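Accompanying notes for the structure given below.
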Amino acid sequence: MKNRSQSLLTGGIASILALMPAAYLSAQKRAEKKPMNILYIMSDDHSYQTISAYDKRFIETPNIDRIARDGVRFTNSFVANSISGPSRACMLTGKHSHKNGFKDNDGAFDGSQQTFPKLLQKAGYQTAIVGKWHLHSDPTGFDYWNILPGQGEYYNPVFIDNGEKKNMKGYVTNITTDIALDWLSKERDADKPFCLLLHHKAPHRTWMPDTLDLGRFDATNLPLPDNFFDTYKGRIAAQQQEMSIEKDMNVLYDLKMADKEKEISTVRGYDNVGRDMYQTTGKPGRMDEDQKAAWDRYYDPIIADFKTRQLEGEELTVWKYQRYMRDYLSVIASVDRNVGRVIDYLQENGLWENTLVIYTSDQGFYMGEHGWFDKRFMYEESLRTPLLVHIPSESGKAMVSEDDEKYYMVQNIDYAPTFLELAGVEIPDDIQGKSMLPILKGQKVDDWRNSLYYHYYEYPGAHSVKRHYGVRNDRYKLIHFYNDIDTWELYDLKTDPQEMHNIYDEPGNEELIKTMKDELTKLQELYDVRESDL
Ligand code: SGN
Ligand code: CA
């Protein structure tokens with residue numbers, strides 16, 4: 001499809017332009033050049049460890065990597081609150097949770113507040129969101145929205161198409177992509193720049209692969225992280241979580257070992273979760289006969305093998321890790337394939353040269369580090385999130401800033417101001433993030449943040465991670481766990497990148513603690529954190 005500036009240069013108009021003075025011409029050209037399109041792809045719980053642009057131990061993700069190939073791969077990318085709804089609210093508003101009001105997954109996002117899609121829409125962008133939304137109130141600021149209710153389902157999901165519930169057939173990652181491509185090809189107004197948010201449900205728990213990906217990683221033995229058997233010495237909040245592969249990952253519910261004979265739950269004392277939970281009625285369920293048959297063909301032999309093995313103790317935990325990882329990676333294979341479809345579309349339709357493309361996740365995820373799955377903690381694996389950006393330059397070639405991207409600590413509150421600056425919209429004063437655009441253009445930014453603020457609130461709640469807030473700079477991290485607990489943790493990320501040694505109570509660190517506490521106070525003042533927010 002031709003955009004307006006291209007079509008203006010054809011035929012008779014080109015010859016008329018040739019007669020005009022040069023200064024007038026370039027002003028005209030500037031005025032006619034559309035602002036850049038924005039395609040923001042965000043998956044749910046996709047760890048940077050399982051994107052080959054970051055880490056090649058587990059999986060190749062050739063399509064996701066395409067975004068960074070001639071673009072920018074941020075190696076210091078973080079969230080402000082490591083859980084779905086709050087992370088999305090930070091992203092939409094450019095503000096920390098205490099300012100946008102959406103602190104945990106309960107309640108409803110106040111959609112009457114300022115968000116970047118609303119500001120872009122006002123500035124003439126056509127805006128759309130497809131896929132997981134998870135903010136409970138209806139989306140605002142979008143010309144088109146077609147979202148999953150709540151967490152959404154993997155198989156034959158319901159979508160809410162601009163308010164109307166529709167039963168869709170198929171696998172959620174394919175459907176989300178189909179809807180996005182349909183919108184791009186049929187509904188997109190070629191006279192306007194677009195901003196499309198494409199939000200995958202995958203690879204969220206319970207990591208249900210598409211039928212064609214079942215078994216894709218079975219020949220691979222996934223490496224255990226060094227701290228898989230962490231005993232949480234010196235870390236009280238970590239001792240009290242409920243996200244351990246050993247204790248909290250359920251072989252029936254999470255790992256799909258519900259046998260037809262219903263023996264596993266009785267023999268092994270697991271919860272009585274039947275396979276109906278997956279395949280017909282339950283939360284991840286809703287499969288049709290063909291889908292069920294494909295799942296049975298794949299899981300039945302694994303279940304039979306599991307039953308004969310009678311694993312216990314460490315052996316069982318390691319077996320659970322392998323199953324977890326194989327399912328998770330199989331779900332990623334579908335995400336990567338579908339990201340490829342979208343990039344192909346952009347490239348084939350002349351949009352790649354005028355579209356900022358982002359791939360990220362709503363937060364990081366544990367791939368067995370500390371013995372865990374899930375997120376929430378301010379520890380590195382869940383504080384970080386992948387961030388890959390394709391940004392075309394005027395000439396159509398992306399700008400790369402190899403050194404800069406490694407240094408700058410960016411956070412998901414920075415996305416909104418980045419998009420606004422890109423669109424030429426003034427960034428409102430109350431936005432707390434900073435535009436990453438200069439970084440993306442390879443410019444040096446001298447006053448970038450040296451430390452970042454984090455706050456997690458969802459306790460009591462799933463996985464029992466205590467409330468906490470903290471500060472991280474390029475070397476140290478200070479965390480305060482509070483509510484029904486009052487403990488501090490301090491890590492030296494240089495000597496202890498896996499955060500196994502809490503040095504808060506070690507003698508000799510008094511000065512460092514004071515410096516980090518001062519930094520925390522400075523950030524709380526900067527972001528206007530009140531006593532009542534803590
Ligand atoms: C569900 C999951 C949890 C997960 C939360 C939040 N359980 O409750 O494991 O931590 O969502 O995830 S599940 O059995 O229902 O899948 S979030 O990414 O949406 O915040
Ligand atoms: Ca999530």
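Labels for the structure tokens follow display order: chains A, B, ..., residues from 1 in each chain, ligands from 1.
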
For this session: From the DSSP assignment of the backbone, select every residue of region 106-351 of chain A that is helix (DSSP H, G or I), and format the answer as a count of residues only.
Result: 96

For this session: Please write out the residues within 8 Å of ligand 1 as an NGL selection string, counting only C-alpha atoms and all ligand atoms.
Result: :A and (44-45 or 82-85 or 105 or 134 or 151 or 204-206 or 243 or 253-254 or 283 or 362-363 or 374-376 or 462-463)

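Proximity of A:Met249, A:Gln121, A:Lys34, A:His199 to ligand 2, computed with only C-alpha atoms and all ligand atoms, is greatest for A:His199.
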
Exercise. Which residue, A:Pro139, A:Gly215, A:Pro86, A:Gly350, has the smallest gap to Tyr454 (chain A) when you use only C-alpha atoms?
Worked result: A:Pro86

For this session: Fewer than 6 positions away in the same chain doesn't count, so skip those; otherwise give me all residues within 8 Å of region 500-508 of chain A, counting only C-alpha atoms, as a ChimeraX atom specification.
Result: /A:230,232-235,488-492

Exercise. Tell me, which residues of region 372-480 of chain A carry DSSP strand (DSSP E), written as JSON, numbers by chain?
Worked result: {"A": [387, 388, 389, 390, 410, 411, 451, 452, 453, 454, 455, 456, 467, 468, 469, 470, 471, 472, 473, 476, 477, 478, 479, 480]}

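The shell of residues at most 9 Å from region 522-524 of chain A, with only C-alpha atoms counted and near chain neighbours (fewer than 3 positions) removed, consists of A:Ser451, A:Leu452, A:Tyr453, A:Val471, A:Lys517, A:Asp518, A:Glu519, A:Tyr527, A:Asp528, A:Val529, A:Arg530.
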
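Of the residues under consideration (A:Glu458, A:Asp430, A:Glu164, A:Glu511), A:Glu458 shows the shortest atom-to-atom contact distance to Phe102 (chain A) when counting only C-alpha atoms.
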
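Here the question is which of A:Gly340, A:Gly150, A:Pro417, A:Gly371 gets nearest to ligand 2 using only C-alpha atoms and all ligand atoms, and that residue is A:Gly150.
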
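The shortest atom-to-atom distance to Glu60 (chain A), with only C-alpha atoms taken into account, belongs to A:Phe217 out of A:Asn146, A:Lys441, A:Phe217, A:His390.
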
Seminar exercise, completed: Of A:Trp133, A:Tyr359, A:Tyr459, A:Tyr40, the one sitting nearest ligand 2 when using only C-alpha atoms and all ligand atoms is A:Trp133

Exercise. Leaving out Arg88 (chain A) and any residue of its chain fewer than 4 positions from it, which residues lie within 12 Å of it when counting only C-alpha atoms, given as a PyMOL selection string?
Worked result: chain A and resi 42-44+79-84+92-97+100-105+109+115-116+132-136+139+197+199+360-363+412-413+415-416

Could you write out the selected residues, including C-alpha atoms, as a PDB file, in the first residue's frame?
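Listed below is the output, result-v4.pdb:
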```
ATOM      1  CA  MET A  42       3.945  -7.437  24.311  1.00  0.00           C
ATOM      2  CA  SER A  43       3.676 -11.003  25.487  1.00  0.00           C
ATOM      3  CA  ASP A  44       2.775 -12.125  28.988  1.00  0.00           C
ATOM      4  CA  VAL A  79       9.537  -2.906  35.024  1.00  0.00           C
ATOM      5  CA  ALA A  80       8.176  -0.757  37.859  1.00  0.00           C
ATOM      6  CA  ASN A  81       5.887  -3.425  39.389  1.00  0.00           C
ATOM      7  CA  SER A  82       6.397  -6.996  38.215  1.00  0.00           C
ATOM      8  CA  ILE A  83       2.866  -8.208  37.589  1.00  0.00           C
ATOM      9  CA  SER A  84       0.476  -8.014  34.670  1.00  0.00           C
ATOM     10  CA  LEU A  92      -0.123   3.121  29.288  1.00  0.00           C
ATOM     11  CA  THR A  93       0.284   6.078  31.646  1.00  0.00           C
ATOM     12  CA  GLY A  94       4.047   6.513  31.930  1.00  0.00           C
ATOM     13  CA  LYS A  95       3.532   6.654  35.699  1.00  0.00           C
ATOM     14  CA  HIS A  96       4.359   4.466  38.673  1.00  0.00           C
ATOM     15  CA  SER A  97       1.536   2.415  40.243  1.00  0.00           C
ATOM     16  CA  ASN A 100      -1.956   5.544  38.021  1.00  0.00           C
ATOM     17  CA  GLY A 101      -3.854   3.875  40.867  1.00  0.00           C
ATOM     18  CA  PHE A 102      -3.571   0.287  39.568  1.00  0.00           C
ATOM     19  CA  LYS A 103      -1.348  -1.348  42.165  1.00  0.00           C
ATOM     20  CA  ASP A 104      -2.275  -5.036  41.934  1.00  0.00           C
ATOM     21  CA  ASN A 105      -4.254  -7.343  39.660  1.00  0.00           C
ATOM     22  CA  PHE A 109      -8.044   0.572  35.883  1.00  0.00           C
ATOM     23  CA  THR A 115      -2.867   7.559  28.667  1.00  0.00           C
ATOM     24  CA  PHE A 116      -0.552   7.658  25.672  1.00  0.00           C
ATOM     25  CA  LYS A 132      -4.649  -9.516  26.579  1.00  0.00           C
ATOM     26  CA  TRP A 133      -5.742  -6.358  28.355  1.00  0.00           C
ATOM     27  CA  HIS A 134      -6.238  -7.463  31.983  1.00  0.00           C
ATOM     28  CA  LEU A 135      -7.220  -4.060  33.345  1.00  0.00           C
ATOM     29  CA  HIS A 136     -10.864  -5.043  33.948  1.00  0.00           C
ATOM     30  CA  PRO A 139     -10.164   0.096  27.044  1.00  0.00           C
ATOM     31  CA  LEU A 197      -0.782  -2.699  20.637  1.00  0.00           C
ATOM     32  CA  HIS A 199      -0.717  -8.199  23.383  1.00  0.00           C
ATOM     33  CA  THR A 360       8.622  -6.807  25.173  1.00  0.00           C
ATOM     34  CA  SER A 361       6.850  -8.656  27.982  1.00  0.00           C
ATOM     35  CA  ASP A 362       4.716  -7.395  30.869  1.00  0.00           C
ATOM     36  CA  GLN A 363       7.552  -8.590  33.138  1.00  0.00           C
ATOM     37  CA  ASN A 412       8.292   0.523  31.340  1.00  0.00           C
ATOM     38  CA  ILE A 413       7.201   4.025  32.480  1.00  0.00           C
ATOM     39  CA  TYR A 415       7.466   3.808  26.816  1.00  0.00           C
ATOM     40  CA  ALA A 416       4.621   6.370  26.888  1.00  0.00           C
TER      41      ALA A 416
END
```
